[in-house]
file protein-v6.txt (compact mmCIF, C-alpha atoms and all ligand atoms)
# COMPACT_ATOMS: atom_id res chain seq x y z
CA MET P 1 120.32 107.51 85.36
CA SER P 2 116.83 107.77 86.78
CA PRO P 3 116.03 105.62 89.83
CA ALA P 4 114.67 102.11 89.28
CA ASN P 5 110.91 101.74 89.00
CA PHE P 6 110.24 98.02 89.18
CA ALA P 7 106.45 98.27 89.39
CA ALA P 8 106.10 100.62 86.40
CA GLU P 9 108.28 98.30 84.30
CA ALA P 10 106.14 95.31 85.30
CA LEU P 11 102.95 97.19 84.41
CA ALA P 12 104.37 98.27 81.04
CA SER P 13 105.08 94.63 80.18
CA LEU P 14 101.43 93.54 80.57
CA THR P 15 98.89 93.24 77.78
CA ASP P 16 95.78 95.44 77.75
CA ALA P 17 93.71 92.39 78.68
CA GLN P 18 95.92 91.70 81.71
CA ILE P 19 95.68 95.33 82.84
CA SER P 20 91.88 95.23 82.48
CA PHE P 21 91.86 92.03 84.54
CA LEU P 22 93.84 93.72 87.34
CA GLN P 23 91.64 96.80 87.21
CA ALA P 24 88.43 94.80 87.52
CA LEU P 25 89.74 92.70 90.40
CA PRO P 26 88.07 93.52 93.74
CA LYS P 27 90.91 94.17 96.19
CA ALA P 28 91.78 95.97 99.40
CA GLU P 29 94.69 98.36 100.05
CA LEU P 30 95.52 97.85 103.71
CA HIS P 31 98.96 99.41 104.19
CA THR P 32 99.33 102.96 102.93
CA HIS P 33 100.69 105.90 104.94
CA LEU P 34 98.86 109.18 104.35
CA ASN P 35 101.90 111.47 104.30
CA GLY P 36 103.76 108.99 102.11
CA SER P 37 100.93 108.74 99.58
CA ILE P 38 100.23 112.34 98.61
CA PRO P 39 100.01 112.68 94.81
CA LEU P 40 103.07 114.68 93.66
CA PRO P 41 101.08 117.50 91.91
CA ILE P 42 99.12 118.14 95.14
CA LEU P 43 102.34 118.25 97.16
CA GLN P 44 103.85 120.65 94.62
CA GLU P 45 100.82 122.95 94.94
CA LEU P 46 101.13 122.96 98.71
CA ALA P 47 104.88 123.63 98.39
CA HIS P 48 104.32 126.61 96.08
CA ALA P 49 101.77 128.12 98.45
CA PHE P 50 104.08 127.49 101.42
CA LEU P 51 107.12 129.03 99.72
CA ASP P 52 105.14 132.06 98.44
CA LYS P 53 103.79 132.69 101.90
CA SER P 54 107.17 132.33 103.59
CA SER P 55 108.79 134.75 101.11
CA VAL P 56 106.04 137.34 101.84
CA ASN P 57 106.28 136.84 105.61
CA GLY P 58 110.06 136.53 105.72
CA SER P 59 112.57 139.32 106.13
CA GLY P 60 113.77 139.07 102.56
CA GLY P 61 116.10 136.09 103.06
CA VAL P 62 115.08 132.48 102.52
CA SER P 63 114.47 130.74 105.82
CA ALA P 64 116.12 127.44 106.71
CA VAL P 65 112.67 125.78 106.73
CA SER P 66 111.88 127.04 103.21
CA GLU P 67 115.27 125.79 102.02
CA SER P 68 114.70 122.34 103.46
CA VAL P 69 111.15 122.16 102.06
CA LYS P 70 112.47 123.14 98.64
CA ALA P 71 115.25 120.55 98.80
CA GLY P 72 112.86 117.86 100.05
CA ILE P 73 110.33 118.47 97.27
CA GLU P 74 113.08 118.48 94.63
CA ARG P 75 114.29 115.14 95.95
CA LEU P 76 110.78 113.70 95.57
CA GLU P 77 110.38 115.23 92.08
CA LEU P 78 113.61 113.64 90.86
CA GLY P 79 112.66 110.22 92.22
CA VAL P 80 114.10 109.06 95.48
CA GLU P 81 117.20 106.87 95.40
CA LEU P 82 117.84 105.24 98.78
CA ASN P 83 121.05 103.58 99.91
CA GLU P 84 119.28 101.90 102.78
CA ILE P 85 115.96 102.07 104.63
CA HIS P 86 117.15 104.47 107.34
CA ASP P 87 117.62 107.17 104.62
CA PHE P 88 113.92 106.97 103.91
CA PHE P 89 112.71 108.72 107.05
CA SER P 90 114.59 111.95 106.24
CA LEU P 91 111.98 112.58 103.50
CA PHE P 92 109.21 113.35 105.96
CA PRO P 93 110.18 116.67 107.63
CA ALA P 94 109.69 118.50 104.29
CA ILE P 95 106.33 116.80 103.70
CA TYR P 96 105.23 117.46 107.28
CA ALA P 97 105.96 121.18 106.91
CA LEU P 98 103.29 121.19 104.18
CA THR P 99 100.64 119.17 106.01
CA SER P 100 100.66 120.99 109.31
CA THR P 101 97.16 122.54 109.16
CA PRO P 102 93.69 120.93 109.15
CA GLN P 103 93.00 122.44 105.70
CA ALA P 104 96.15 120.98 104.15
CA LEU P 105 95.33 117.59 105.67
CA ARG P 106 91.84 117.70 104.22
CA THR P 107 93.29 118.56 100.80
CA VAL P 108 95.75 115.68 100.82
CA THR P 109 93.26 113.19 102.26
CA LEU P 110 90.77 113.91 99.49
CA ALA P 111 93.49 113.62 96.83
CA ILE P 112 94.55 110.22 98.21
CA LEU P 113 90.96 108.94 98.37
CA GLU P 114 90.44 110.01 94.77
CA ALA P 115 93.67 108.35 93.67
CA PHE P 116 92.76 105.02 95.27
CA LEU P 117 88.99 104.85 95.01
CA ASP P 118 87.53 107.26 92.56
CA GLY P 119 87.32 107.82 88.88
CA LEU P 120 87.03 105.40 86.02
CA LYS P 121 90.01 103.37 87.10
CA PRO P 122 89.99 102.89 90.86
CA GLN P 123 93.03 101.17 92.35
CA CYS P 124 91.04 99.23 94.90
CA THR P 125 87.55 98.56 96.19
CA TYR P 126 88.38 99.12 99.86
CA LEU P 127 91.04 101.24 101.59
CA GLU P 128 92.41 101.31 105.12
CA LEU P 129 94.43 104.53 105.19
CA ARG P 130 96.82 105.03 108.09
CA THR P 131 98.35 108.15 109.59
CA THR P 132 100.25 109.36 112.66
CA PRO P 133 98.40 112.22 114.41
CA ARG P 134 100.74 115.18 114.88
CA GLU P 135 100.40 118.18 117.12
CA THR P 136 101.41 121.43 115.39
CA PRO P 137 101.00 125.15 116.20
CA ALA P 138 97.82 125.01 114.04
CA MET P 139 96.16 121.88 115.45
CA THR P 140 95.90 119.34 118.23
CA ARG P 141 96.18 115.59 117.58
CA ARG P 142 92.40 115.37 117.83
CA GLU P 143 91.99 118.12 115.22
CA TYR P 144 94.49 116.28 113.01
CA LEU P 145 92.46 113.07 113.10
CA GLU P 146 89.15 114.93 112.78
CA ALA P 147 90.36 116.62 109.59
CA VAL P 148 91.27 113.25 108.02
CA LEU P 149 88.08 111.56 109.23
CA ALA P 150 85.85 114.42 108.06
CA GLU P 151 87.19 114.05 104.54
CA MET P 152 86.78 110.27 104.60
CA GLU P 153 83.21 110.50 105.86
CA LYS P 154 82.30 113.08 103.24
CA PHE P 155 83.83 110.98 100.48
CA ASP P 156 82.21 107.72 101.58
CA PRO P 157 79.10 108.55 103.62
CA GLU P 158 77.94 104.94 103.74
CA GLY P 159 81.19 103.77 105.29
CA ARG P 160 81.87 100.84 103.06
CA ARG P 161 84.98 101.88 101.16
CA VAL P 162 87.38 103.59 103.54
CA ASN P 163 88.43 103.42 107.17
CA LEU P 164 91.24 104.87 109.26
CA ILE P 165 94.12 103.18 111.05
CA VAL P 166 95.80 105.43 113.62
CA SER P 167 99.58 105.07 113.61
CA VAL P 168 101.87 105.30 116.59
CA ASP P 169 105.49 106.19 115.77
CA ARG P 170 108.29 104.24 117.48
CA ARG P 171 109.93 107.55 118.43
CA MET P 172 106.97 108.64 120.58
CA SER P 173 107.04 108.78 124.36
CA GLU P 174 104.73 106.46 126.27
CA GLY P 175 102.70 109.49 127.39
CA VAL P 176 101.96 110.36 123.76
CA VAL P 177 101.14 106.74 122.91
CA ASP P 178 98.66 106.69 125.80
CA GLU P 179 97.12 109.97 124.57
CA ILE P 180 96.75 108.55 121.04
CA MET P 181 95.07 105.37 122.31
CA ASP P 182 92.62 107.50 124.37
CA LEU P 183 91.90 109.57 121.30
CA ALA P 184 91.36 106.59 118.99
CA ILE P 185 88.98 104.98 121.49
CA ALA P 186 87.07 108.25 122.05
CA LEU P 187 86.68 108.91 118.32
CA ARG P 188 85.56 105.35 117.62
CA ASP P 189 83.04 105.60 120.50
CA GLU P 190 81.70 108.78 118.90
CA GLY P 191 80.97 106.70 115.80
CA ARG P 192 83.97 107.84 113.75
CA ARG P 193 85.71 105.53 111.29
CA VAL P 194 88.73 104.32 113.28
CA VAL P 195 89.28 100.57 112.89
CA GLY P 196 92.88 99.89 113.82
CA ILE P 197 96.16 100.91 115.41
CA ASP P 198 99.54 100.65 113.67
CA LEU P 199 103.10 100.76 114.95
CA CYS P 200 105.42 102.42 112.43
CA GLY P 201 108.53 104.59 112.12
CA ASP P 202 112.25 104.02 111.76
CA PRO P 203 112.61 100.29 112.49
CA LEU P 204 115.46 100.71 114.97
CA ALA P 205 114.12 103.73 116.86
CA GLY P 206 112.76 103.68 120.39
CA ASP P 207 112.41 101.03 123.06
CA MET P 208 109.28 99.04 122.33
CA TYR P 209 108.94 97.19 125.62
CA GLY P 210 106.89 99.93 127.29
CA PHE P 211 104.42 100.09 124.37
CA SER P 212 102.93 96.61 124.74
CA LYS P 213 100.38 97.47 127.44
CA HIS P 214 99.05 100.31 125.28
CA PHE P 215 98.62 98.01 122.28
CA ARG P 216 96.91 95.38 124.40
CA ARG P 217 94.52 98.05 125.66
CA ALA P 218 93.73 99.00 122.06
CA LYS P 219 93.16 95.35 121.14
CA ALA P 220 90.85 94.90 124.16
CA ALA P 221 88.96 98.01 123.02
CA GLY P 222 88.21 96.20 119.75
CA PHE P 223 90.77 97.62 117.33
CA GLY P 224 92.69 95.64 114.75
CA ILE P 225 96.42 95.84 115.51
CA THR P 226 99.06 95.96 112.80
CA LEU P 227 102.79 96.24 113.48
CA HIS P 228 105.75 97.07 111.26
CA ILE P 229 107.81 94.07 112.26
CA ALA P 230 111.26 92.71 111.34
CA GLU P 231 111.50 95.21 108.47
CA THR P 232 115.32 95.30 108.41
CA PRO P 233 118.07 92.70 108.79
CA ASP P 234 119.15 94.44 112.00
CA SER P 235 115.67 94.30 113.64
CA PRO P 236 116.43 92.40 116.88
CA ALA P 237 114.91 88.89 116.97
CA SER P 238 114.05 89.42 120.65
CA GLU P 239 111.94 92.48 119.78
CA THR P 240 110.15 90.56 117.02
CA LEU P 241 109.21 87.81 119.48
CA HIS P 242 108.12 90.42 122.01
CA PHE P 243 105.82 91.99 119.40
CA LEU P 244 104.27 88.62 118.58
CA GLU P 245 103.82 87.56 122.20
CA SER P 246 102.85 90.85 123.86
CA PHE P 247 101.29 93.22 121.30
CA ALA P 248 98.45 90.93 120.17
CA PRO P 249 98.86 91.75 116.44
CA THR P 250 95.99 91.09 114.04
CA ARG P 251 98.17 91.72 110.97
CA LEU P 252 101.86 92.37 110.35
CA GLY P 253 103.56 94.88 108.08
CA HIS P 254 106.56 93.67 106.03
CA ALA P 255 107.68 90.74 108.29
CA THR P 256 110.74 90.47 106.06
CA PHE P 257 113.27 89.07 108.52
CA LEU P 258 111.38 86.62 110.71
CA ASP P 259 113.54 83.84 112.12
CA GLU P 260 112.27 80.27 112.35
CA GLU P 261 110.69 80.72 115.78
CA ALA P 262 108.85 83.89 114.79
CA MET P 263 107.78 82.38 111.47
CA LYS P 264 106.28 79.40 113.29
CA ILE P 265 104.19 81.71 115.49
CA VAL P 266 102.97 83.67 112.45
CA PHE P 267 101.96 80.46 110.66
CA ASP P 268 100.48 78.76 113.73
CA ARG P 269 98.38 81.82 114.58
CA ASP P 270 97.55 82.57 110.96
CA ILE P 271 98.53 86.25 111.22
CA PRO P 272 98.16 87.88 107.77
CA VAL P 273 101.11 89.82 106.35
CA GLU P 274 100.93 93.12 104.45
CA ILE P 275 103.41 92.84 101.57
CA CYS P 276 104.92 95.97 100.00
CA LEU P 277 107.09 94.78 97.09
CA SER P 278 108.37 98.08 95.63
CA SER P 279 108.96 99.52 99.09
CA ASN P 280 111.18 96.58 100.07
CA LEU P 281 113.09 96.65 96.79
CA LEU P 282 113.64 100.42 96.83
CA CYS P 283 114.59 100.48 100.53
CA LYS P 284 116.98 97.65 99.64
CA THR P 285 115.83 95.37 102.44
CA VAL P 286 115.19 92.78 99.70
CA LYS P 287 117.66 92.47 96.81
CA THR P 288 115.43 91.14 94.04
CA LEU P 289 111.88 89.97 93.54
CA ASP P 290 113.27 86.48 93.39
CA ASP P 291 114.57 86.80 96.96
CA HIS P 292 111.35 88.34 98.28
CA HIS P 293 109.72 86.70 101.31
CA ILE P 294 106.37 86.78 99.49
CA ARG P 295 107.47 83.50 97.89
CA HIS P 296 107.63 81.82 101.27
CA TYR P 297 104.12 83.00 102.22
CA LEU P 298 102.74 81.93 98.85
CA GLN P 299 104.27 78.46 99.19
CA GLN P 300 102.55 78.06 102.56
CA ASN P 301 99.29 79.52 101.23
CA HIS P 302 99.50 82.02 104.09
CA ALA P 303 97.19 85.09 104.02
CA ILE P 304 98.84 88.19 102.55
CA ALA P 305 97.68 91.56 101.24
CA ILE P 306 99.57 93.35 98.46
CA CYS P 307 100.00 97.02 99.43
CA THR P 308 101.79 100.16 98.29
CA ASP P 309 103.22 101.55 101.59
CA ASP P 310 104.14 105.04 100.26
CA THR P 311 103.13 105.77 96.68
CA LEU P 312 104.87 109.17 96.64
CA PRO P 313 108.53 108.24 97.19
CA PHE P 314 108.19 104.76 95.68
CA ARG P 315 106.39 106.10 92.56
CA THR P 316 103.97 103.23 92.51
CA ASP P 317 100.27 102.47 92.78
CA LEU P 318 98.29 99.39 93.71
CA LEU P 319 97.73 98.28 90.14
CA SER P 320 101.47 98.36 89.49
CA GLU P 321 102.15 96.36 92.66
CA TYR P 322 99.71 93.71 91.36
CA ALA P 323 101.49 93.89 88.00
CA LEU P 324 104.61 92.66 89.84
CA LEU P 325 102.67 89.46 90.61
CA LEU P 326 101.44 88.89 87.09
CA ALA P 327 104.38 90.01 84.92
CA LYS P 328 106.73 87.32 83.62
CA PRO P 329 110.14 86.94 85.34
CA PRO P 330 112.47 88.74 85.71
CA LEU P 331 110.07 91.74 85.75
CA GLY P 332 107.49 89.98 87.91
CA LEU P 333 106.71 86.75 89.71
CA GLY P 334 104.86 85.25 86.73
CA LEU P 335 101.80 84.13 88.73
CA SER P 336 98.66 83.04 86.89
CA GLN P 337 95.51 85.18 86.86
CA GLU P 338 93.82 82.62 89.13
CA GLU P 339 96.65 82.93 91.66
CA VAL P 340 96.49 86.72 91.53
CA GLN P 341 92.73 86.63 92.00
CA GLU P 342 93.19 84.46 95.07
CA ILE P 343 95.69 86.95 96.50
CA ALA P 344 93.25 89.82 95.88
CA ASN P 345 90.54 87.83 97.71
CA MET P 346 92.94 87.34 100.61
CA SER P 347 93.41 91.11 100.88
CA LEU P 348 89.67 91.55 101.27
CA SER P 349 89.52 88.87 103.94
CA CYS P 350 92.27 90.63 105.96
CA ARG P 351 90.29 93.87 106.45
CA PHE P 352 89.82 95.16 110.00
CA ILE P 353 86.04 95.26 109.59
C1 LIG P 401 108.11 102.25 108.81
C2 LIG P 401 106.98 103.95 107.76
C3 LIG P 401 107.28 103.39 106.48
O1 LIG P 401 101.82 108.56 109.38
O2 LIG P 401 102.71 110.79 108.81
N1 LIG P 401 106.28 105.08 107.55
N2 LIG P 401 107.38 103.37 108.90
N3 LIG P 401 108.44 101.66 107.63
C4 LIG P 401 108.06 102.21 106.45
N4 LIG P 401 108.46 101.61 105.31
C5 LIG P 401 109.23 102.17 104.29
N5 LIG P 401 106.72 104.19 105.55
C6 LIG P 401 106.10 105.21 106.21
O3 LIG P 401 102.98 108.86 107.20
C7 LIG P 401 104.38 108.92 107.21
C8 LIG P 401 104.98 108.13 108.35
O4 LIG P 401 104.72 106.73 108.16
C9 LIG P 401 105.80 105.95 108.63
C10 LIG P 401 106.90 106.90 109.07
O5 LIG P 401 106.83 107.05 110.48
C11 LIG P 401 106.51 108.20 108.40
O6 LIG P 401 106.96 109.33 109.13
P1 LIG P 401 102.03 109.56 108.30
O7 LIG P 401 100.77 109.88 107.55
call {"tool": "encode", "arguments": {"input": "protein-v6.txt", "output": "structure tokens", "more": "lines below"}}
Ligand code: 6MZ
result
Amino acid sequence: MSPANFAAEALASLTDAQISFLQALPKAELHTHLNGSIPLPILQELAHAFLDKSSVNGSGGVSAVSESVKAGIERLELGVELNEIHDFFSLFPAIYALTSTPQALRTVTLAILEAFLDGLKPQCTYLELRTTPRETPAMTRREYLEAVLAEMEKFDPEGRRVNLIVSVDRRMSEGVVDEIMDLAIALRDEGRRVVGIDLCGDPLAGDMYGFSKHFRRAKAAGFGITLHIAETPDSPASETLHFLESFAPTRLGHATFLDEEAMKIVFDRDIPVEICLSSNLLCKTVKTLDDHHIRHYLQQNHAIAICTDDTLPFRTDLLSEYALLLAKPPLGLGLSQEEVQEIANMSLSCRFI
């Protein structure tokens, strides 16, 4: 049986008029990870080139890296079935092997910009793309970010449609976090399109107490701050409170398991929440759409932005995520067009610019 695809089913249930309505709706995509959003055909091209090159360079046998890239790409081609969210992060080593040069990064960045913003049927009117700068034998972290920014600036010279959020991974050392903050500030001061800092990565990895001063420095430097927070049932409540009190977040990612105290802070301070419906369902942190925390935020008329998270493994796009709002239960939440329009407006008001 092929893996569930909730968003595609919701989209398929809509009328042509409803799809046209969603397409015409001005909206912002604010939570999408670059390496999780590479269109599959582009990733397959990079994989072929990588495997051809490694068979020419190799000593006849297939290297362990080639084997794991092959297995990783096959897993993505078949459609990823996750038992739990921690399985999700094992997808990235294969993808990272293919995006380890400035040229590959430029290729995937352009493909993502085209998927979200270009063509006859753009997914959104504004995009904040996020990525974690990696150091590889072929590039420094600065060269990584410059490759992504160069492609963004070429695609959108006027700077109205796309900006970059620099991600920090929970597994990083404090020294690397400090280096990334320096880099983000320097690039922004050079006039490059960096608008925010994100905290991402496996939700239980790392000790986050040392990171707060670095995030406060970024906030003081004028960046929007977004944090993956309380994404799993085992995210410690004490860490969630520490994030809210000490990291100065401007937006929150997921915020699935906030307890009463944390929820009160989020409502009192009006901190918008990035909602990724398919991601939560497929990572099994939320059982059904009916149980999804979006309902709570909607009841309170709290600011949210509907986002895709990682279109590649979750086989979704922004239109399909909006279809989950509009489609009739049980496929969707059955909201009215007016309600969906209001949610799209909220996404625009949550931008970091
Ligand atoms: C936490 C996530 C994520 O930065 O290399 N990432 N972190 N929760 C999620 N929800 C399912 N989805 C993606 O993109 C890939 C990286 O984004 C983070 C992970 O750290 C992943 O390695 P970039 O472009």
call {"tool": "residues_near_ligand", "arguments": {"input": "protein-v6.txt", "ligand": "ligand LIG 401 (chain P)", "cutoff": "9 Å", "atoms": "all atoms listed in the file", "output": "VMD selection string"}}
result
chain P and resid 32 to 37 85 to 86 88 to 93 95 to 96 129 to 134 166 to 171 199 to 203 228 to 229 231 253 to 254 276 279 to 280 282 to 283 309 to 310
call {"tool": "closest_residue", "arguments": {"input": "protein-v6.txt", "among": "P:Phe352, P:Asp178, P:Ala138, P:Met346", "to": "P:Leu164", "atoms": "all atoms listed in the file"}}
result
P:Phe352
call {"tool": "residues_around", "arguments": {"input": "protein-v6.txt", "residues": "P:Leu43", "least_positions_apart": "3", "cutoff": "9 Å", "atoms": "all atoms listed in the file", "output": "PyMOL selection string"}}
result
chain P and resi 38-40+46-48+73+95+98+108
call {"tool": "atom_distance", "arguments": {"input": "protein-v6.txt", "atom1": "atom CA of P:Thr316", "atom2": "atom CA of P:Leu252"}}
result
21.0 Å
call {"tool": "closest_atom_pairs", "arguments": {"input": "protein-v6.txt", "of": "stretch 116-187 of chain P", "to": "stretch 213-219 of chain P", "cutoff": "9 Å", "atoms": "all atoms listed in the file", "output": "tab-separated table"}}
result
residue	atom	partner	partner_atom	distance
P:Glu174	CA	P:His214	CA	8.4
P:Val177	CA	P:His214	CA	7.2
P:Asp178	CA	P:His214	CA	6.4
P:Met181	CA	P:Ala218	CA	6.5
P:Asp182	CA	P:Ala218	CA	8.9
P:Ala184	CA	P:Ala218	CA	8.5
P:Ile185	CA	P:Ala218	CA	7.7
call {"tool": "atom_distance", "arguments": {"input": "protein-v6.txt", "atom1": "atom CA of P:Arg269", "atom2": "atom CA of P:Arg160"}}
result
27.7 Å
call {"tool": "residues_near_point", "arguments": {"input": "protein-v6.txt", "point": "(114.3, 106.0, 89.6)", "cutoff": "10 Å", "atoms": "all atoms listed in the file", "output": "list in words"}}
result
Met1, Ser2, Pro3, Ala4, Asn5, Phe6, Leu78, Gly79, Val80, Glu81, Leu82, Leu282, Pro313, Phe314 and Arg315 of chain P
call {"tool": "closest_residue", "arguments": {"input": "protein-v6.txt", "among": "P:Leu289, P:Ala28, P:Cys307, P:Leu331", "to": "P:Ser349", "atoms": "only C-alpha atoms"}}
result
P:Ala28
call {"tool": "decode", "arguments": {"input": "protein-v6.txt", "residues": "stretch 276-346 of chain P", "atoms": "C-alpha atoms", "output": "PDB file, in the first residue's frame"}}
result
ATOM      1  CA  CYS P 276       2.429  22.317   8.974  1.00  0.00           C
ATOM      2  CA  LEU P 277      -0.558  19.952   8.728  1.00  0.00           C
ATOM      3  CA  SER P 278       0.807  17.151   6.504  1.00  0.00           C
ATOM      4  CA  SER P 279       4.143  17.188   8.297  1.00  0.00           C
ATOM      5  CA  ASN P 280       2.480  16.641  11.676  1.00  0.00           C
ATOM      6  CA  LEU P 281       0.185  13.915  10.348  1.00  0.00           C
ATOM      7  CA  LEU P 282       2.956  12.050   8.510  1.00  0.00           C
ATOM      8  CA  CYS P 283       5.410  12.357  11.417  1.00  0.00           C
ATOM      9  CA  LYS P 284       2.554  11.036  13.562  1.00  0.00           C
ATOM     10  CA  THR P 285       2.839  13.759  16.178  1.00  0.00           C
ATOM     11  CA  VAL P 286      -0.862  14.419  15.502  1.00  0.00           C
ATOM     12  CA  LYS P 287      -3.216  11.473  14.914  1.00  0.00           C
ATOM     13  CA  THR P 288      -5.895  13.050  12.733  1.00  0.00           C
ATOM     14  CA  LEU P 289      -6.835  16.433  11.362  1.00  0.00           C
ATOM     15  CA  ASP P 290      -9.612  16.462  13.898  1.00  0.00           C
ATOM     16  CA  ASP P 291      -7.074  16.318  16.739  1.00  0.00           C
ATOM     17  CA  HIS P 292      -4.812  18.975  15.213  1.00  0.00           C
ATOM     18  CA  HIS P 293      -3.867  21.957  17.395  1.00  0.00           C
ATOM     19  CA  ILE P 294      -4.796  24.296  14.522  1.00  0.00           C
ATOM     20  CA  ARG P 295      -8.365  24.048  15.828  1.00  0.00           C
ATOM     21  CA  HIS P 296      -7.344  25.586  19.123  1.00  0.00           C
ATOM     22  CA  TYR P 297      -5.580  28.513  17.415  1.00  0.00           C
ATOM     23  CA  LEU P 298      -8.542  29.067  15.091  1.00  0.00           C
ATOM     24  CA  GLN P 299     -10.984  29.114  18.019  1.00  0.00           C
ATOM     25  CA  GLN P 300      -8.884  31.821  19.682  1.00  0.00           C
ATOM     26  CA  ASN P 301      -8.471  33.721  16.401  1.00  0.00           C
ATOM     27  CA  HIS P 302      -4.722  33.502  17.009  1.00  0.00           C
ATOM     28  CA  ALA P 303      -2.335  34.362  14.127  1.00  0.00           C
ATOM     29  CA  ILE P 304      -1.158  31.316  12.176  1.00  0.00           C
ATOM     30  CA  ALA P 305       0.534  30.677   8.839  1.00  0.00           C
ATOM     31  CA  ILE P 306      -0.147  27.490   6.858  1.00  0.00           C
ATOM     32  CA  CYS P 307       3.171  26.059   5.645  1.00  0.00           C
ATOM     33  CA  THR P 308       4.602  22.969   3.963  1.00  0.00           C
ATOM     34  CA  ASP P 309       7.738  22.238   6.080  1.00  0.00           C
ATOM     35  CA  ASP P 310       9.348  19.731   3.655  1.00  0.00           C
ATOM     36  CA  THR P 311       7.554  19.216   0.353  1.00  0.00           C
ATOM     37  CA  LEU P 312       9.910  16.431  -0.762  1.00  0.00           C
ATOM     38  CA  PRO P 313       9.330  13.745   1.887  1.00  0.00           C
ATOM     39  CA  PHE P 314       5.776  14.853   2.676  1.00  0.00           C
ATOM     40  CA  ARG P 315       4.795  14.958  -1.039  1.00  0.00           C
ATOM     41  CA  THR P 316       2.815  18.127  -0.614  1.00  0.00           C
ATOM     42  CA  ASP P 317       2.712  21.727  -1.777  1.00  0.00           C
ATOM     43  CA  LEU P 318       1.205  24.894  -0.356  1.00  0.00           C
ATOM     44  CA  LEU P 319      -1.971  24.677  -2.399  1.00  0.00           C
ATOM     45  CA  SER P 320      -2.621  21.168  -1.081  1.00  0.00           C
ATOM     46  CA  GLU P 321      -2.015  22.311   2.501  1.00  0.00           C
ATOM     47  CA  TYR P 322      -4.663  25.014   1.959  1.00  0.00           C
ATOM     48  CA  ALA P 323      -6.914  22.339   0.452  1.00  0.00           C
ATOM     49  CA  LEU P 324      -6.811  20.639   3.871  1.00  0.00           C
ATOM     50  CA  LEU P 325      -8.514  23.761   5.273  1.00  0.00           C
ATOM     51  CA  LEU P 326     -11.212  23.956   2.642  1.00  0.00           C
ATOM     52  CA  ALA P 327     -12.055  20.282   1.952  1.00  0.00           C
ATOM     53  CA  LYS P 328     -15.080  18.823   3.728  1.00  0.00           C
ATOM     54  CA  PRO P 329     -14.449  16.517   6.730  1.00  0.00           C
ATOM     55  CA  PRO P 330     -13.044  13.927   7.073  1.00  0.00           C
ATOM     56  CA  LEU P 331     -10.633  14.925   4.257  1.00  0.00           C
ATOM     57  CA  GLY P 332     -10.295  18.515   5.472  1.00  0.00           C
ATOM     58  CA  LEU P 333     -11.403  20.953   8.132  1.00  0.00           C
ATOM     59  CA  GLY P 334     -14.382  22.193   6.093  1.00  0.00           C
ATOM     60  CA  LEU P 335     -13.647  25.907   6.602  1.00  0.00           C
ATOM     61  CA  SER P 336     -15.456  28.488   4.475  1.00  0.00           C
ATOM     62  CA  GLN P 337     -13.677  30.440   1.739  1.00  0.00           C
ATOM     63  CA  GLU P 338     -13.917  33.576   3.901  1.00  0.00           C
ATOM     64  CA  GLU P 339     -12.190  31.776   6.777  1.00  0.00           C
ATOM     65  CA  VAL P 340      -9.472  30.465   4.474  1.00  0.00           C
ATOM     66  CA  GLN P 341      -8.952  33.936   3.042  1.00  0.00           C
ATOM     67  CA  GLU P 342      -8.520  35.306   6.553  1.00  0.00           C
ATOM     68  CA  ILE P 343      -5.903  32.638   7.304  1.00  0.00           C
ATOM     69  CA  ALA P 344      -4.030  33.520   4.100  1.00  0.00           C
ATOM     70  CA  ASN P 345      -4.074  37.193   5.152  1.00  0.00           C
ATOM     71  CA  MET P 346      -2.661  36.190   8.527  1.00  0.00           C
TER      72      MET P 346
END
